[in-house]
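Coordinates from upload_39.cif are shown below (mmCIF, C-alpha atoms and all ligand atoms).
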data_entry
#
loop_
_atom_site.group_PDB
_atom_site.id
_atom_site.type_symbol
_atom_site.label_atom_id
_atom_site.label_comp_id
_atom_site.auth_asym_id
_atom_site.auth_seq_id
_atom_site.Cartn_x
_atom_site.Cartn_y
_atom_site.Cartn_z
ATOM 1 C CA MET A 1 -37.725 -63.995 -153.761
ATOM 2 C CA ALA A 2 -36.110 -63.816 -157.137
ATOM 3 C CA LEU A 3 -32.660 -63.365 -158.590
ATOM 4 C CA LEU A 4 -32.488 -60.219 -160.718
ATOM 5 C CA PRO A 5 -30.091 -59.669 -163.643
ATOM 6 C CA ILE A 6 -27.310 -57.184 -162.781
ATOM 7 C CA LEU A 7 -26.622 -54.474 -165.372
ATOM 8 C CA THR A 8 -23.003 -53.895 -166.328
ATOM 9 C CA ALA A 9 -21.254 -50.748 -167.559
ATOM 10 C CA PRO A 10 -21.494 -49.149 -170.025
ATOM 11 C CA ASP A 11 -25.308 -49.228 -169.664
ATOM 12 C CA PRO A 12 -27.170 -45.884 -169.823
ATOM 13 C CA ARG A 13 -29.446 -46.917 -166.934
ATOM 14 C CA LEU A 14 -26.417 -46.940 -164.593
ATOM 15 C CA LYS A 15 -25.846 -43.239 -165.347
ATOM 16 C CA LYS A 16 -29.388 -42.100 -164.398
ATOM 17 C CA LYS A 17 -30.437 -40.429 -161.161
ATOM 18 C CA SER A 18 -32.837 -42.566 -159.116
ATOM 19 C CA LEU A 19 -36.041 -41.219 -157.554
ATOM 20 C CA PRO A 20 -36.843 -41.299 -153.824
ATOM 21 C CA VAL A 21 -39.398 -43.870 -152.684
ATOM 22 C CA GLU A 22 -42.528 -42.281 -151.222
ATOM 23 C CA THR A 23 -43.274 -45.033 -148.748
ATOM 24 C CA VAL A 24 -41.630 -48.345 -147.978
ATOM 25 C CA ASP A 25 -44.557 -50.474 -149.156
ATOM 26 C CA ALA A 26 -44.819 -54.143 -150.102
ATOM 27 C CA GLY A 27 -43.394 -53.431 -153.556
ATOM 28 C CA VAL A 28 -40.293 -51.727 -152.116
ATOM 29 C CA ARG A 29 -39.828 -54.536 -149.574
ATOM 30 C CA GLN A 30 -40.065 -57.083 -152.394
ATOM 31 C CA LEU A 31 -37.397 -55.157 -154.320
ATOM 32 C CA MET A 32 -35.181 -55.055 -151.187
ATOM 33 C CA ASP A 33 -35.531 -58.799 -150.638
ATOM 34 C CA ASP A 34 -34.837 -59.630 -154.293
ATOM 35 C CA MET A 35 -31.812 -57.308 -154.275
ATOM 36 C CA LEU A 36 -30.405 -58.950 -151.140
ATOM 37 C CA GLU A 37 -30.766 -62.416 -152.660
ATOM 38 C CA THR A 38 -29.165 -61.192 -155.909
ATOM 39 C CA MET A 39 -26.285 -59.603 -153.947
ATOM 40 C CA TYR A 40 -25.607 -62.794 -151.954
ATOM 41 C CA ALA A 41 -25.656 -64.898 -155.114
ATOM 42 C CA ALA A 42 -23.182 -62.620 -156.962
ATOM 43 C CA PRO A 43 -21.507 -62.644 -154.350
ATOM 44 C CA GLY A 44 -21.122 -59.058 -153.189
ATOM 45 C CA ILE A 45 -21.463 -56.935 -150.050
ATOM 46 C CA GLY A 46 -23.607 -54.104 -151.444
ATOM 47 C CA LEU A 47 -26.117 -53.516 -154.228
ATOM 48 C CA ALA A 48 -28.105 -50.470 -155.377
ATOM 49 C CA ALA A 49 -31.512 -50.639 -157.129
ATOM 50 C CA PRO A 50 -30.332 -49.075 -160.435
ATOM 51 C CA GLN A 51 -27.884 -51.993 -160.788
ATOM 52 C CA VAL A 52 -30.931 -54.212 -161.301
ATOM 53 C CA GLY A 53 -32.650 -51.633 -163.502
ATOM 54 C CA ALA A 54 -34.939 -50.105 -160.836
ATOM 55 C CA LEU A 55 -34.389 -46.328 -160.680
ATOM 56 C CA LYS A 56 -35.390 -46.089 -157.002
ATOM 57 C CA ARG A 57 -33.318 -44.828 -154.084
ATOM 58 C CA VAL A 58 -32.915 -48.229 -152.433
ATOM 59 C CA ILE A 59 -29.702 -50.002 -151.381
ATOM 60 C CA VAL A 60 -28.880 -53.213 -149.540
ATOM 61 C CA LEU A 61 -25.652 -54.165 -147.782
ATOM 62 C CA ASP A 62 -24.229 -56.947 -145.669
ATOM 63 C CA ILE A 63 -20.696 -56.674 -144.410
ATOM 64 C CA ASP A 64 -19.247 -59.645 -142.602
ATOM 65 C CA ARG A 65 -15.728 -58.983 -141.373
ATOM 66 C CA GLU A 66 -14.024 -59.499 -138.057
ATOM 67 C CA ASP A 67 -14.074 -55.770 -137.295
ATOM 68 C CA THR A 68 -17.487 -55.024 -138.865
ATOM 69 C CA LYS A 69 -20.469 -57.364 -138.891
ATOM 70 C CA THR A 70 -23.659 -55.672 -139.976
ATOM 71 C CA GLY A 71 -26.059 -58.425 -140.966
ATOM 72 C CA PRO A 72 -28.381 -57.499 -143.838
ATOM 73 C CA LEU A 73 -29.098 -53.744 -144.033
ATOM 74 C CA PHE A 74 -31.938 -52.300 -146.127
ATOM 75 C CA MET A 75 -31.953 -48.551 -146.809
ATOM 76 C CA ALA A 76 -34.505 -46.455 -148.677
ATOM 77 C CA ASN A 77 -33.689 -42.802 -149.482
ATOM 78 C CA PRO A 78 -30.247 -42.993 -147.827
ATOM 79 C CA GLU A 79 -28.388 -39.713 -147.465
ATOM 80 C CA ILE A 80 -25.037 -38.767 -146.015
ATOM 81 C CA ILE A 81 -25.625 -36.116 -143.344
ATOM 82 C CA GLU A 82 -22.051 -35.926 -142.007
ATOM 83 C CA ALA A 83 -18.681 -36.914 -143.424
ATOM 84 C CA SER A 84 -15.191 -36.786 -141.925
ATOM 85 C CA ASP A 85 -12.491 -34.544 -143.381
ATOM 86 C CA GLU A 86 -10.145 -37.494 -143.204
ATOM 87 C CA ASP A 87 -10.192 -39.777 -146.247
ATOM 88 C CA VAL A 88 -9.452 -43.452 -146.546
ATOM 89 C CA ILE A 89 -8.390 -45.386 -149.637
ATOM 90 C CA TYR A 90 -9.966 -48.731 -150.468
ATOM 91 C CA GLU A 91 -9.574 -50.953 -153.502
ATOM 92 C CA GLU A 92 -13.125 -50.876 -154.879
ATOM 93 C CA GLY A 93 -14.827 -53.116 -157.353
ATOM 94 C CA CYS A 94 -18.460 -53.263 -158.427
ATOM 95 C CA LEU A 95 -20.872 -55.954 -159.574
ATOM 96 C CA SER A 96 -21.662 -53.634 -162.515
ATOM 97 C CA VAL A 97 -17.969 -53.284 -163.426
ATOM 98 C CA PRO A 98 -16.969 -56.957 -163.263
ATOM 99 C CA GLU A 99 -13.325 -57.933 -162.838
ATOM 100 C CA HIS A 100 -11.947 -54.404 -162.526
ATOM 101 C CA TYR A 101 -10.659 -52.832 -159.327
ATOM 102 C CA SER A 102 -9.199 -49.493 -158.402
ATOM 103 C CA ASP A 103 -8.176 -47.480 -155.348
ATOM 104 C CA VAL A 104 -10.762 -44.833 -154.475
ATOM 105 C CA ALA A 105 -10.434 -42.187 -151.725
ATOM 106 C CA ARG A 106 -13.570 -41.325 -149.726
ATOM 107 C CA PRO A 107 -14.341 -39.857 -146.278
ATOM 108 C CA ALA A 108 -13.291 -42.380 -143.628
ATOM 109 C CA THR A 109 -16.455 -42.014 -141.528
ATOM 110 C CA VAL A 110 -19.958 -40.907 -142.454
ATOM 111 C CA ARG A 111 -23.351 -40.619 -140.817
ATOM 112 C CA VAL A 112 -26.235 -41.884 -142.959
ATOM 113 C CA ARG A 113 -29.964 -41.203 -142.567
ATOM 114 C CA TYR A 114 -32.441 -43.592 -144.203
ATOM 115 C CA LEU A 115 -35.735 -45.469 -143.955
ATOM 116 C CA ASP A 116 -35.386 -49.097 -142.908
ATOM 117 C CA ARG A 117 -37.328 -52.102 -144.258
ATOM 118 C CA ASP A 118 -40.264 -51.194 -141.977
ATOM 119 C CA GLY A 119 -40.258 -47.582 -143.156
ATOM 120 C CA ASN A 120 -38.834 -46.262 -139.873
ATOM 121 C CA LYS A 121 -36.373 -43.343 -139.908
ATOM 122 C CA GLN A 122 -32.892 -44.421 -138.880
ATOM 123 C CA GLU A 123 -29.453 -42.908 -138.552
ATOM 124 C CA MET A 124 -26.228 -44.862 -138.494
ATOM 125 C CA ALA A 125 -22.597 -43.948 -137.924
ATOM 126 C CA CYS A 126 -20.427 -45.828 -140.427
ATOM 127 C CA GLU A 127 -16.692 -46.400 -140.486
ATOM 128 C CA GLY A 128 -14.246 -48.688 -142.239
ATOM 129 C CA LEU A 129 -15.584 -50.844 -145.063
ATOM 130 C CA LEU A 130 -19.191 -49.976 -144.127
ATOM 131 C CA ALA A 131 -18.502 -46.248 -144.712
ATOM 132 C CA THR A 132 -16.893 -46.984 -148.086
ATOM 133 C CA CYS A 133 -19.708 -49.303 -149.129
ATOM 134 C CA VAL A 134 -22.543 -46.929 -148.118
ATOM 135 C CA GLN A 135 -20.943 -44.096 -150.116
ATOM 136 C CA HIS A 136 -20.350 -46.362 -153.133
ATOM 137 C CA GLU A 137 -24.010 -47.487 -153.123
ATOM 138 C CA ILE A 138 -25.415 -43.961 -152.678
ATOM 139 C CA ASP A 139 -23.240 -42.889 -155.628
ATOM 140 C CA HIS A 140 -25.111 -45.482 -157.737
ATOM 141 C CA LEU A 141 -28.389 -43.677 -156.917
ATOM 142 C CA ASP A 142 -26.915 -40.543 -158.504
ATOM 143 C CA GLY A 143 -25.621 -42.346 -161.580
ATOM 144 C CA ILE A 144 -22.016 -42.389 -160.360
ATOM 145 C CA LEU A 145 -19.773 -45.450 -160.598
ATOM 146 C CA PHE A 146 -16.456 -45.946 -158.763
ATOM 147 C CA ILE A 147 -14.678 -45.564 -162.102
ATOM 148 C CA ASP A 148 -15.975 -41.967 -162.183
ATOM 149 C CA HIS A 149 -13.642 -41.302 -159.229
ATOM 150 C CA ILE A 150 -10.484 -42.401 -161.086
ATOM 151 C CA SER A 151 -8.537 -40.924 -164.009
ATOM 152 C CA SER A 152 -10.365 -40.732 -167.336
ATOM 153 C CA LEU A 153 -7.487 -42.669 -168.900
ATOM 154 C CA LYS A 154 -8.018 -45.653 -166.607
ATOM 155 C CA ARG A 155 -11.816 -45.312 -166.780
ATOM 156 C CA ASN A 156 -11.862 -45.422 -170.584
ATOM 157 C CA MET A 157 -9.526 -48.399 -170.609
ATOM 158 C CA ILE A 158 -11.856 -50.302 -168.256
ATOM 159 C CA LEU A 159 -14.960 -49.363 -170.310
ATOM 160 C CA ARG A 160 -13.276 -50.541 -173.531
ATOM 161 C CA LYS A 161 -12.377 -53.876 -171.935
ATOM 162 C CA LEU A 162 -15.938 -54.308 -170.623
ATOM 163 C CA LEU A 163 -17.365 -53.673 -174.107
ATOM 164 C CA LYS A 164 -14.917 -56.141 -175.647
ATOM 165 C CA ALA A 165 -15.769 -58.793 -173.028
ATOM 166 C CA ARG A 166 -19.491 -58.242 -173.666
ATOM 167 C CA LYS A 167 -19.056 -58.667 -177.433
ATOM 168 C CA GLU A 168 -17.031 -61.854 -176.949
ATOM 169 C CA LYS A 169 -19.705 -63.209 -174.618
ATOM 170 C CA GLU A 170 -22.474 -62.394 -177.127
ATOM 171 C CA ARG A 171 -20.481 -64.054 -179.924
ATOM 172 C CA ASP A 172 -19.873 -67.180 -177.825
ATOM 173 C CA GLU A 173 -23.578 -67.339 -176.933
ATOM 174 C CA ALA A 174 -24.545 -66.965 -180.615
ATOM 175 C CA GLU A 175 -22.213 -69.839 -181.460
ATOM 176 C CA GLY A 176 -23.656 -71.921 -178.644
ATOM 177 C CA LYS A 177 -20.384 -72.030 -176.680
ATOM 178 C CA PRO A 178 -20.607 -72.241 -172.909
ATOM 179 C CA THR A 179 -19.804 -68.886 -171.301
ATOM 180 C CA ALA A 180 -18.212 -68.363 -167.934
ATOM 181 C CA LYS A 181 -20.408 -66.663 -165.357
ATOM 182 C CA ASN A 182 -19.079 -63.350 -164.083
ATOM 183 C CA GLN A 183 -17.815 -64.272 -160.666
ATOM 184 C CA ALA A 184 -16.550 -61.722 -158.183
ATOM 185 C CA LYS A 185 -12.921 -62.559 -157.345
ATOM 186 C CA ASP A 186 -13.454 -61.436 -153.808
ATOM 187 C CA PRO A 187 -16.850 -60.382 -152.444
ATOM 188 C CA GLU A 188 -15.201 -57.765 -150.195
ATOM 189 C CA HIS A 189 -14.382 -55.818 -153.342
ATOM 190 C CA ALA A 190 -17.769 -56.275 -155.035
ATOM 191 C CA LEU A 191 -19.743 -53.230 -153.915
HETATM 192 ZN ZN ZN B 1 -21.232 -50.848 -157.336
#
Go ahead and render the structure in this file as structure tokens.
Ligand SMILES: [Zn+2]
Amino acid sequence: MALLPILTAPDPRLKKKSLPVETVDAGVRQLMDDMLETMYAAPGIGLAAPQVGALKRVIVLDIDREDTKTGPLFMANPEIIEASDEDVIYEEGCLSVPEHYSDVARPATVRVRYLDRDGNKQEMACEGLLATCVQHEIDHLDGILFIDHISSLKRNMILRKLLKARKEKERDEAEGKPTAKNQAKDPEHAL
């Protein structure tokens, strides 16, 4: 397994639509395993393939809370086939939008259809944080970030700050100064 670099916004690859995988072969399984290791190291609770520069419809998740314990989940070609009318608001963050958080409203429960790590068709009913996380990760496969669900004013402010932070980091690296690693403040908000 290998740790993969996580792309951060604004990066054009995060805005692209990912392609379905034809079969869950050894290459896809390798990607899934590397993504899971990368997600744990971040640390986060969900990661989508485009966040590591692979434009494939693959996501991984692992939610460990008192009310929801999933263990590692691997999904290829995930799609939402049912969603509740009722919404829920959760303070979302993203490993590709480090250190910024915002309330996002999404359907409270969803049903997702996908291929698992063995290529078998599965369906899963999701609620709570799992429902939020699955929708956030599937958004990534369509080039959508959580900041696309908030006001353009707040989105542009976050993007400006991310660009500024990136420039400062590049300057510090050029000057040989040690740079702080992007660390998620709370993995439950790093989707
Ligand atoms: Zn994300």
Margin query: Applying the PyMOL selection byres (((chain A and resi 14) around 9) and not hetatm) to the file I just gave you, which residues come out? Please list them as a list in words.
Written below: Leu7, Thr8, Ala9, Pro10, Asp11, Pro12, Arg13, Lys15, Lys16, Lys17, Pro50, Gln51, Gly53, Leu55, Ser96, His140, Leu141, Asp142, Gly143, Ile144 and Leu145 of chain A
Checklist line | Proximity to ligand ZN 1 (chain B) - best of A:Gly128, A:Gly27, A:Gly93, A:Pro43, only C-alpha atoms and all ligand atoms | finding: A:Gly93
Next item on the list: Please write the residues picked by the PyMOL selection byres (((not hetatm)) within 6 of (chain B and resi 1)) on this file as a ChimeraX atom specification.
Entry: /A:94-96,191
Check: Near segment 110-127 of chain A, counting only C-alpha atoms, which residues have an atom at most 6 Å away, once you skip same-chain residues fewer than 3 positions from it, shown as a PyMOL selection string?
Finding: chain A and resi 24+74-83+130-131
Note to self: I need the residue nearest Ser18 of chain A from this list: A:Arg171, A:Arg160, A:His100, A:Arg57. Use all atoms listed in the file for the distance.
What the structure shows: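 Under the stated criterion, the closest residue is A:Arg57.
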Next item on the list: Tell me which of A:Glu92, A:Asp34, A:Asp25, A:Asp87 sits closest to Val52 of chain A, counting all atoms listed in the file.
Entry: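 Ranked by minimum distance to Val52 of chain A, first place goes to A:Asp34.
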Checklist line | One-decimal distance in Å that lies between atom CA of Ala54 of chain A and atom CA of Leu73 of chain A | finding: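 Interatomic distance, atom CA of Leu73 of chain A to atom CA of Ala54 of chain A: 18.2 Å.
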Notebook entry, point to check: Please, what distance in Å, to one decimal, runs between atom CA of Pro5 of chain A and atom CA of Glu91 of chain A?
Noted result: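 Here the two named atoms are 24.5 Å from each other.
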Note to self: Could you list, as a PyMOL selection string, every residue matched by the PyMOL selection byres (((chain A and resi 137) around 7) and not hetatm) in this structure?
What the structure shows: chain A and resi 46-48+59+133-136+138-141
Resulting file, chosen residues, C-alpha atoms, as a short mmCIF file (atom, residue, chain, number, x, y, z; two decimals), keeping the file's coordinate frame:
data_model
loop_
_atom_site.label_atom_id
_atom_site.label_comp_id
_atom_site.auth_asym_id
_atom_site.auth_seq_id
_atom_site.Cartn_x
_atom_site.Cartn_y
_atom_site.Cartn_z
CA GLY A 46 -23.61 -54.10 -151.44
CA LEU A 47 -26.12 -53.52 -154.23
CA ALA A 48 -28.10 -50.47 -155.38
CA ILE A 59 -29.70 -50.00 -151.38
CA CYS A 133 -19.71 -49.30 -149.13
CA VAL A 134 -22.54 -46.93 -148.12
CA GLN A 135 -20.94 -44.10 -150.12
CA HIS A 136 -20.35 -46.36 -153.13
CA ILE A 138 -25.42 -43.96 -152.68
CA ASP A 139 -23.24 -42.89 -155.63
CA HIS A 140 -25.11 -45.48 -157.74
CA LEU A 141 -28.39 -43.68 -156.92
#
Check: Expressed in Å to a single decimal, how great is the separation between atom CA of Val58 of chain A and atom CA of Asp148 of chain A?
Finding: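 That distance, rounded to one decimal, is 20.5 Å.
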Axis-aligned box for all listed atoms of segment 134-146 of chain A, 5 Å per side, centre and edges in Å to one decimal, as JSON:
{"center_x": -22.4, "center_y": -44.0, "center_z": -154.8, "size_x": 21.9, "size_y": 16.9, "size_z": 23.5}
Notebook entry, point to check: Which one is closest to Arg166 of chain A: A:Pro98, A:Thr132, A:Thr109, A:Ile150? Count all atoms listed in the file.
Noted result: A:Pro98
Next item on the list: List every protein, DNA or RNA residue with an atom no more than 12 Å from (-15.3, -54.5, -133.8) in the file's coordinates, counting all atoms listed in the file, and format the result as a list in words.
Entry: Asp64, Arg65, Glu66, Asp67, Thr68, Lys69, Thr70, Glu127, Gly128, Leu129 and Leu130 of chain A
Next item on the list: Tell me which of A:Ala49, A:Val21, A:Leu36, A:Leu3 sits closest to Gly71 of chain A, counting only C-alpha atoms.
Entry: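 When distances to Gly71 of chain A are compared using only C-alpha atoms, the smallest one comes from A:Leu36.
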Check: For Leu61 of chain A, which of A:Glu170, A:Glu175, A:Asp33, A:Asp85 is the closest residue, counting all atoms listed in the file?
Finding: A:Asp33
